[in-house]
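Colleague: Submitted below is the structure of interest, expressed as structure tokens.
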Amino acid sequence: MSKELKTVKKCRICGSQKLYEFLDLGVMPIPNGFLKKDALSKPENKYELACQLCENCGLVHLTNVINPKIMFTDYLYVTAQAKQMLNNLTHFAYQTHKNFKLDSSSLVCDIGSNDGSLLSLFKNLGAKVLGIDPAKNLAKIAKENGIPTEVRLFGLKTAKIIKERYGQAKLITAFNVVAHIDNLHDLLSGVSHLLSSDGYFITEFPYLLDLIKNNEFDTIYHEHLSYFSLKPWIYLIDKYDFEITGIQRRHIHGGSIRLIHQRKRPKKNIAKKTLNYLLSLEETAGLYEKKSYIQFAQEVLCLKTELLNMLTDIKKKKKRIVGYGAAAKGNVLTNFFGINNSILDYIVDSTPYKQGLYTPGMHIPIKPEEKLLSDMPNYALILAWNFADEIMEKQRQYTKKGGKFIIPIPKIRII
Ligand code: TMP
Ligand code: ZN
């Protein structure tokens, strides 16, 4: 076990020590750590992966935190490569620019700005932009594309430097990054410091309600420190005098939630009704109770048995199986279930930089997507199940010629 690991002894939102561990996914490598062939013979760094519920505020979070420098200094997830993601952002930038009346004097800051994809859209609409991201490799791409970027982790310290250099922000965005941040109080202090009094803070993260309802256990991995429902999130933002003034549930990443925050105002909050409705859904789903998570963990173990039985049966019949989509979540599933190269011949993936590499832990080779049709294995297990529809649409020829898709989540389906 590495020294780079810190045990979480207190809830990162409310500080309570009443933490209940409900799911132990074992010890595995960081699921975005794809390997070159020559690294396969060397030992891999592996880290504990387990999840706990704060019985006080309802926050679900990992039991350990890996030093963020290990995970994010050279980061491999590039926004511009995910089509679904980019469509999502284009519409968002246009609407936000219009609705919040942004102009050439408005500074837009993006926390976890990645390759600058989102900020490029705001820049084209005429706003001033600034990216903040600790990944040097991605900041370099962003800067080459004309997006100024501070290579830092975001928090109060960074917020002070930015305000000093660039002034206050009218809009701060944080898409798919809040779950990565250990010190949420430092994040909110930073946002509060940097945002103008009439500014907006918009964030989007995977929604715990979807995760639990759809059995999406494989989205639990080292990078994602927290899994939010609204109740603990509101507890947090309330301490910094923010309120949620807009909410949208989204289909992306297996189900996400987008929240618009403003400083608390005396005005009537029209988002209140939706907020209360979602809180009641959370309550009904048992998101704040231990017993729901005990059941969730049992369902994950049932899925493991069922899928492994199915795959071994197929192998016994001398049929071939491959994986589809070398997603990080696929690496969690294959590592936890012990699905290795003796079950999956290879995994196809559309991302050029992943092709030719091997998956962390299970060492399954990654091949170009086109190989599916030329090779015609009997089954393709869709590991990137959030893109299952897009993938099956693209690969209609494969099914026409007799190939079958297996979708593992939320329930095992063969198509
Ligand atoms: P993600 O859910 O972590 O973004 O990973 C999805 C993976 O699936 C990514 O590596 C790209 C791959 N993929 C394909 O290979 N073909 C496709 O058509 C799509 C949509 C994704
Ligand atoms: Zn708590």
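In the structure tokens, the first chain shown is A, the next is B, and so on; residue numbers restart at 1 for each chain, and ligands run from 1 in the order shown.
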Report as a tab-separated table: every residue of chain A with an atom at most 6 Å from ligand 1, its closest pair of atoms, and their distance in Å to one decimal, counting only C-alpha atoms and all ligand atoms, with rows sorted by chain and ascending residue number.

Modeller:
residue	atom	partner	partner_atom_place_in_ligand_line	distance
A:Gly325	CA	ligand 1	8 (O)	3.7
A:Ala326	CA	ligand 1	10 (O)	4.7
A:Ala327	CA	ligand 1	5 (O)	3.7
A:Ala328	CA	ligand 1	3 (O)	5.3
A:Asp349	CA	ligand 1	15 (O)	3.3
A:Ser350	CA	ligand 1	15 (O)	3.8
A:Thr351	CA	ligand 1	11 (C)	5.5
A:Ala384	CA	ligand 1	8 (O)	5.0
A:Phe387	CA	ligand 1	20 (C)	5.0
A:Glu390	CA	ligand 1	18 (O)	5.9
A:Ile391	CA	ligand 1	18 (O)	4.6

Colleague: Store the residues picked out above, limited to all heavy atoms, as an mmCIF file, in the first residue's frame.

Modeller:
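Everything below was put into part-v2.cif:
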data_model
loop_
_atom_site.group_PDB
_atom_site.id
_atom_site.type_symbol
_atom_site.label_atom_id
_atom_site.label_comp_id
_atom_site.auth_asym_id
_atom_site.auth_seq_id
_atom_site.Cartn_x
_atom_site.Cartn_y
_atom_site.Cartn_z
ATOM 1 N N GLY A 325 -15.343 -0.406 -25.518
ATOM 2 C CA GLY A 325 -15.161 0.853 -24.770
ATOM 3 C C GLY A 325 -14.240 0.666 -23.572
ATOM 4 O O GLY A 325 -14.637 0.093 -22.567
ATOM 5 N N ALA A 326 -12.992 1.135 -23.703
ATOM 6 C CA ALA A 326 -12.028 1.016 -22.591
ATOM 7 C C ALA A 326 -12.234 2.199 -21.640
ATOM 8 O O ALA A 326 -11.322 3.000 -21.416
ATOM 9 C CB ALA A 326 -10.607 0.972 -23.123
ATOM 10 N N ALA A 327 -13.430 2.284 -21.097
ATOM 11 C CA ALA A 327 -13.764 3.376 -20.173
ATOM 12 C C ALA A 327 -13.149 3.072 -18.809
ATOM 13 O O ALA A 327 -12.924 1.905 -18.475
ATOM 14 C CB ALA A 327 -15.275 3.485 -20.038
ATOM 15 N N ALA A 328 -12.920 4.122 -18.020
ATOM 16 C CA ALA A 328 -12.412 3.915 -16.659
ATOM 17 C C ALA A 328 -13.346 2.976 -15.897
ATOM 18 O O ALA A 328 -12.905 2.060 -15.203
ATOM 19 C CB ALA A 328 -12.294 5.256 -15.952
ATOM 20 N N ASP A 349 -11.864 0.339 -28.816
ATOM 21 C CA ASP A 349 -12.135 1.696 -28.343
ATOM 22 C C ASP A 349 -11.817 2.692 -29.449
ATOM 23 O O ASP A 349 -10.863 2.520 -30.208
ATOM 24 C CB ASP A 349 -11.294 2.019 -27.108
ATOM 25 C CG ASP A 349 -11.790 3.262 -26.395
ATOM 26 O OD1 ASP A 349 -11.549 4.392 -26.894
ATOM 27 O OD2 ASP A 349 -12.441 3.117 -25.344
ATOM 28 N N SER A 350 -12.627 3.757 -29.531
ATOM 29 C CA SER A 350 -12.472 4.749 -30.603
ATOM 30 C C SER A 350 -11.368 5.767 -30.314
ATOM 31 O O SER A 350 -10.996 6.530 -31.197
ATOM 32 C CB SER A 350 -13.797 5.484 -30.805
ATOM 33 O OG SER A 350 -14.174 6.129 -29.599
ATOM 34 N N THR A 351 -10.863 5.805 -29.092
ATOM 35 C CA THR A 351 -9.872 6.832 -28.733
ATOM 36 C C THR A 351 -8.477 6.433 -29.204
ATOM 37 O O THR A 351 -7.920 5.452 -28.710
ATOM 38 C CB THR A 351 -9.816 7.015 -27.195
ATOM 39 O OG1 THR A 351 -11.125 6.837 -26.663
ATOM 40 C CG2 THR A 351 -9.273 8.362 -26.817
ATOM 41 N N ALA A 384 -18.513 0.515 -21.814
ATOM 42 C CA ALA A 384 -18.921 1.930 -21.799
ATOM 43 C C ALA A 384 -20.446 1.957 -21.949
ATOM 44 O O ALA A 384 -20.990 2.493 -22.915
ATOM 45 C CB ALA A 384 -18.244 2.684 -22.932
ATOM 46 N N PHE A 387 -22.794 4.686 -23.233
ATOM 47 C CA PHE A 387 -22.866 4.985 -24.665
ATOM 48 C C PHE A 387 -23.451 3.806 -25.452
ATOM 49 O O PHE A 387 -23.264 3.721 -26.669
ATOM 50 C CB PHE A 387 -21.477 5.304 -25.219
ATOM 51 C CG PHE A 387 -20.881 6.579 -24.682
ATOM 52 C CD1 PHE A 387 -19.743 6.552 -23.886
ATOM 53 C CD2 PHE A 387 -21.448 7.812 -24.972
ATOM 54 C CE1 PHE A 387 -19.180 7.722 -23.390
ATOM 55 C CE2 PHE A 387 -20.894 8.989 -24.485
ATOM 56 C CZ PHE A 387 -19.764 8.946 -23.694
ATOM 57 N N GLU A 390 -25.509 4.608 -28.663
ATOM 58 C CA GLU A 390 -24.652 5.185 -29.713
ATOM 59 C C GLU A 390 -23.775 4.085 -30.343
ATOM 60 O O GLU A 390 -23.610 4.034 -31.563
ATOM 61 C CB GLU A 390 -23.775 6.261 -29.047
ATOM 62 C CG GLU A 390 -23.100 7.211 -30.010
ATOM 63 C CD GLU A 390 -22.399 8.364 -29.255
ATOM 64 O OE1 GLU A 390 -22.845 8.742 -28.146
ATOM 65 O OE2 GLU A 390 -21.385 8.868 -29.788
ATOM 66 N N ILE A 391 -23.245 3.221 -29.517
ATOM 67 C CA ILE A 391 -22.358 2.152 -29.984
ATOM 68 C C ILE A 391 -23.120 1.136 -30.842
ATOM 69 O O ILE A 391 -22.693 0.773 -31.940
ATOM 70 C CB ILE A 391 -21.667 1.459 -28.783
ATOM 71 C CG1 ILE A 391 -20.601 2.392 -28.189
ATOM 72 C CG2 ILE A 391 -21.049 0.123 -29.188
ATOM 73 C CD1 ILE A 391 -20.038 1.962 -26.848
#

Colleague: Identify, on the basis of only C-alpha atoms, every residue whose closest approach to Cys11 (chain A) does not exceed 10 Å; exclude the query and any residue fewer than 2 positions from it along the same chain; express the result as a ChimeraX atom specification.

Modeller: /A:8-9,13-19,52-63

Colleague: Where in region 93-326 of chain A does DSSP assign helix (DSSP H, G or I), given as a PyMOL selection string?

Modeller: chain A and resi 93-99+117-124+136-144+156-166+178-180+184-194+208-213+217-219+230-238+252-254+272-284+290-316

Colleague: Between A:Asn99, A:Asn124, A:Asn214, A:Asn67, single out the one closest to His180 (chain A), counting only C-alpha atoms.

Modeller: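 Closest residue, counting only C-alpha atoms: A:Asn67.
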
Colleague: I'd like to know which of A:Ala174, A:Leu307, A:Ile415, A:Leu281 is closest to Asp389 (chain A), using only C-alpha atoms.

Modeller: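 Of A:Ala174, A:Leu307, A:Ile415, A:Leu281, the one nearest Asp389 (chain A), counting only C-alpha atoms, is A:Ile415.
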
Colleague: Counting only C-alpha atoms, what is within 8 Å of Ile181 (chain A), bar same-chain residues fewer than 4 positions away, as a PyMOL selection string?

Modeller: chain A and resi 177+187+225

Colleague: Just write the chosen residues, all heavy atoms, as a short mmCIF file (atom, residue, chain, number, x, y, z; two decimals), in the first residue's frame.

Modeller:
data_model
loop_
_atom_site.label_atom_id
_atom_site.label_comp_id
_atom_site.auth_asym_id
_atom_site.auth_seq_id
_atom_site.Cartn_x
_atom_site.Cartn_y
_atom_site.Cartn_z
N VAL A 177 -16.06 17.95 -11.79
CA VAL A 177 -14.80 18.15 -11.07
C VAL A 177 -15.00 18.18 -9.56
O VAL A 177 -14.11 17.84 -8.79
CB VAL A 177 -14.08 19.43 -11.59
CG1 VAL A 177 -14.89 20.68 -11.29
CG2 VAL A 177 -12.70 19.59 -10.97
N LEU A 187 -13.08 24.67 -1.53
CA LEU A 187 -13.67 24.96 -2.84
C LEU A 187 -14.71 26.07 -2.71
O LEU A 187 -14.67 27.07 -3.43
CB LEU A 187 -14.33 23.70 -3.41
CG LEU A 187 -15.28 23.92 -4.60
CD1 LEU A 187 -14.49 24.17 -5.88
CD2 LEU A 187 -16.23 22.74 -4.81
N LEU A 225 -14.12 11.17 -5.42
CA LEU A 225 -14.04 11.06 -3.96
C LEU A 225 -15.42 11.09 -3.33
O LEU A 225 -15.66 10.46 -2.32
CB LEU A 225 -13.20 12.22 -3.41
CG LEU A 225 -11.78 12.35 -3.99
CD1 LEU A 225 -11.07 13.54 -3.36
CD2 LEU A 225 -10.97 11.08 -3.77
#

Colleague: As a PyMOL selection string, please: the residues near Lys123 (chain A) (cut-off 12 Å, only C-alpha atoms, same-chain neighbours under 4 positions excluded).

Modeller: chain A and resi 90+93-94+97+102-110+116-119+127-131+145-148

Colleague: Can you work out which one of A:Lys46, A:Ser229, A:Gln168, A:Phe34 has the shortest atom-to-atom distance to ligand 2, counting only C-alpha atoms and all ligand atoms?

Modeller: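 Residue with the minimum atom-to-atom distance to ligand 2: A:Ser229.
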
Colleague: Please return, as a ChimeraX atom specification, all residues of region 21-169 of chain A that DSSP assigns to strand (DSSP E or B) on the basis of the backbone.

Modeller: /A:21-28,35,47-54,60-62,64-66,107-111,128-132,149-150,169

Colleague: Using the selection just defined, write its residues with N, CA, C and O atoms as a tab-separated table (two decimals), in the first residue's frame.

Modeller:
chain	number	residue	atom	x	y	z
A	21	GLU	N	-19.01	1.98	6.21
A	21	GLU	CA	-18.49	1.44	4.95
A	21	GLU	C	-19.43	0.36	4.43
A	21	GLU	O	-19.76	-0.57	5.15
A	22	PHE	N	-19.90	0.53	3.19
A	22	PHE	CA	-20.87	-0.44	2.67
A	22	PHE	C	-20.41	-1.23	1.45
A	22	PHE	O	-21.01	-2.22	1.08
A	23	LEU	N	-19.36	-0.76	0.78
A	23	LEU	CA	-18.93	-1.47	-0.42
A	23	LEU	C	-17.41	-1.47	-0.51
A	23	LEU	O	-16.79	-0.41	-0.51
A	24	ASP	N	-16.84	-2.67	-0.59
A	24	ASP	CA	-15.39	-2.80	-0.70
A	24	ASP	C	-15.09	-3.39	-2.08
A	24	ASP	O	-15.39	-4.56	-2.34
A	25	LEU	N	-14.53	-2.57	-2.96
A	25	LEU	CA	-14.23	-3.05	-4.31
A	25	LEU	C	-12.81	-3.61	-4.42
A	25	LEU	O	-12.32	-3.91	-5.50
A	26	GLY	N	-12.14	-3.70	-3.29
A	26	GLY	CA	-10.82	-4.32	-3.26
A	26	GLY	C	-9.70	-3.35	-3.56
A	26	GLY	O	-9.87	-2.13	-3.55
A	27	VAL	N	-8.55	-3.92	-3.87
A	27	VAL	CA	-7.36	-3.11	-4.15
A	27	VAL	C	-7.15	-3.15	-5.66
A	27	VAL	O	-7.09	-4.22	-6.25
A	28	MET	N	-7.12	-1.99	-6.28
A	28	MET	CA	-6.93	-1.98	-7.74
A	28	MET	C	-6.19	-0.74	-8.22
A	28	MET	O	-6.13	0.26	-7.50
A	35	LEU	N	-1.69	1.08	-19.72
A	35	LEU	CA	-0.27	0.70	-19.72
A	35	LEU	C	0.27	0.44	-21.11
A	35	LEU	O	-0.43	-0.11	-21.98
A	47	TYR	N	-4.42	0.66	-5.20
A	47	TYR	CA	-4.97	1.39	-4.05
A	47	TYR	C	-6.33	0.82	-3.66
A	47	TYR	O	-7.11	0.43	-4.52
A	48	GLU	N	-6.58	0.86	-2.37
A	48	GLU	CA	-7.86	0.40	-1.85
A	48	GLU	C	-9.00	1.21	-2.45
A	48	GLU	O	-8.88	2.43	-2.62
A	49	LEU	N	-10.11	0.55	-2.71
A	49	LEU	CA	-11.28	1.25	-3.23
A	49	LEU	C	-12.51	0.79	-2.45
A	49	LEU	O	-12.97	-0.34	-2.61
A	50	ALA	N	-12.98	1.64	-1.58
A	50	ALA	CA	-14.16	1.30	-0.78
A	50	ALA	C	-14.96	2.57	-0.53
A	50	ALA	O	-14.44	3.68	-0.58
A	51	CYS	N	-16.25	2.38	-0.26
A	51	CYS	CA	-17.17	3.50	-0.19
A	51	CYS	C	-17.94	3.50	1.13
A	51	CYS	O	-18.28	2.44	1.65
A	52	GLN	N	-18.20	4.70	1.64
A	52	GLN	CA	-18.89	4.81	2.93
A	52	GLN	C	-19.98	5.88	2.90
A	52	GLN	O	-19.95	6.80	2.08
A	53	LEU	N	-20.94	5.72	3.83
A	53	LEU	CA	-22.03	6.69	3.97
A	53	LEU	C	-21.81	7.48	5.25
A	53	LEU	O	-21.49	6.89	6.29
A	54	CYS	N	-21.98	8.81	5.19
A	54	CYS	CA	-21.98	9.59	6.42
A	54	CYS	C	-23.40	9.51	6.97
A	54	CYS	O	-24.35	9.97	6.32
A	60	VAL	N	-22.09	10.28	0.50
A	60	VAL	CA	-21.42	9.01	0.19
A	60	VAL	C	-20.04	9.38	-0.32
A	60	VAL	O	-19.90	10.23	-1.20
A	61	HIS	N	-19.01	8.79	0.26
A	61	HIS	CA	-17.66	9.10	-0.21
A	61	HIS	C	-16.70	7.93	0.00
A	61	HIS	O	-16.99	7.00	0.75
A	62	LEU	N	-15.56	8.02	-0.68
A	62	LEU	CA	-14.56	6.95	-0.58
A	62	LEU	C	-13.93	6.95	0.81
A	62	LEU	O	-13.89	7.98	1.49
A	64	ASN	N	-10.79	6.40	1.25
A	64	ASN	CA	-9.40	6.84	1.08
A	64	ASN	C	-9.30	7.95	0.05
A	64	ASN	O	-10.13	8.02	-0.85
A	65	VAL	N	-8.25	8.74	0.16
A	65	VAL	CA	-7.98	9.74	-0.87
A	65	VAL	C	-6.55	9.56	-1.34
A	65	VAL	O	-5.62	9.51	-0.53
A	66	ILE	N	-6.38	9.46	-2.65
A	66	ILE	CA	-5.03	9.40	-3.21
A	66	ILE	C	-4.57	10.84	-3.44
A	66	ILE	O	-5.37	11.69	-3.84
A	107	LEU	N	-16.08	38.12	-16.69
A	107	LEU	CA	-15.07	37.06	-16.62
A	107	LEU	C	-15.74	35.73	-16.32
A	107	LEU	O	-16.51	35.60	-15.36
A	108	VAL	N	-15.43	34.73	-17.15
A	108	VAL	CA	-15.94	33.38	-16.93
A	108	VAL	C	-14.76	32.49	-16.52
A	108	VAL	O	-13.76	32.41	-17.25
A	109	CYS	N	-14.82	31.90	-15.33
A	109	CYS	CA	-13.76	31.00	-14.88
A	109	CYS	C	-14.28	29.57	-14.88
A	109	CYS	O	-15.39	29.33	-14.40
A	110	ASP	N	-13.47	28.66	-15.36
A	110	ASP	CA	-13.89	27.25	-15.36
A	110	ASP	C	-12.92	26.45	-14.49
A	110	ASP	O	-11.72	26.42	-14.75
A	111	ILE	N	-13.46	25.85	-13.45
A	111	ILE	CA	-12.64	25.02	-12.55
A	111	ILE	C	-12.57	23.62	-13.15
A	111	ILE	O	-13.59	23.01	-13.44
A	128	LYS	N	-14.79	37.24	-21.45
A	128	LYS	CA	-13.39	37.05	-21.03
A	128	LYS	C	-13.33	35.70	-20.34
A	128	LYS	O	-14.23	35.37	-19.56
A	129	VAL	N	-12.27	34.93	-20.56
A	129	VAL	CA	-12.24	33.59	-19.96
A	129	VAL	C	-10.93	33.28	-19.26
A	129	VAL	O	-9.88	33.83	-19.60
A	130	LEU	N	-11.02	32.41	-18.26
A	130	LEU	CA	-9.83	31.92	-17.58
A	130	LEU	C	-10.05	30.48	-17.12
A	130	LEU	O	-11.01	30.19	-16.39
A	131	GLY	N	-9.14	29.61	-17.53
A	131	GLY	CA	-9.22	28.21	-17.09
A	131	GLY	C	-8.37	27.97	-15.86
A	131	GLY	O	-7.37	28.66	-15.64
A	132	ILE	N	-8.79	27.02	-15.04
A	132	ILE	CA	-8.00	26.62	-13.87
A	132	ILE	C	-7.96	25.09	-13.87
A	132	ILE	O	-9.02	24.44	-13.80
A	149	THR	N	-4.83	29.80	-18.99
A	149	THR	CA	-5.10	28.77	-17.98
A	149	THR	C	-4.10	28.84	-16.84
A	149	THR	O	-2.89	28.93	-17.07
A	150	GLU	N	-4.61	28.87	-15.62
A	150	GLU	CA	-3.76	28.78	-14.43
A	150	GLU	C	-3.61	27.31	-14.08
A	150	GLU	O	-4.61	26.62	-13.86
A	169	ALA	N	-15.19	37.20	-10.88
A	169	ALA	CA	-15.83	36.44	-11.95
A	169	ALA	C	-17.34	36.61	-11.90
A	169	ALA	O	-17.94	36.62	-10.83

Colleague: May I ask for the distance between CA of Lys136 (chain A) and CA of Leu357 (chain A), given in Å to one decimal place?

Modeller: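 One can read the CA of Lys136 (chain A) to CA of Leu357 (chain A) distance as 21.8 Å.
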
Colleague: Counting only C-alpha atoms, what is within 7 Å of His224 (chain A), bar same-chain residues fewer than 3 positions away, as a ChimeraX atom specification?

Modeller: /A:179-180,220-221

Colleague: For those residues, write C-alpha atoms to a file as an mmCIF file, in the first residue's frame.

Modeller:
data_model
loop_
_atom_site.group_PDB
_atom_site.id
_atom_site.type_symbol
_atom_site.label_atom_id
_atom_site.label_comp_id
_atom_site.auth_asym_id
_atom_site.auth_seq_id
_atom_site.Cartn_x
_atom_site.Cartn_y
_atom_site.Cartn_z
ATOM 1 C CA ALA A 179 -16.437 14.939 -7.018
ATOM 2 C CA HIS A 180 -12.647 15.044 -7.464
ATOM 3 C CA ILE A 220 -17.147 4.425 -8.071
ATOM 4 C CA TYR A 221 -13.387 4.826 -8.428
#
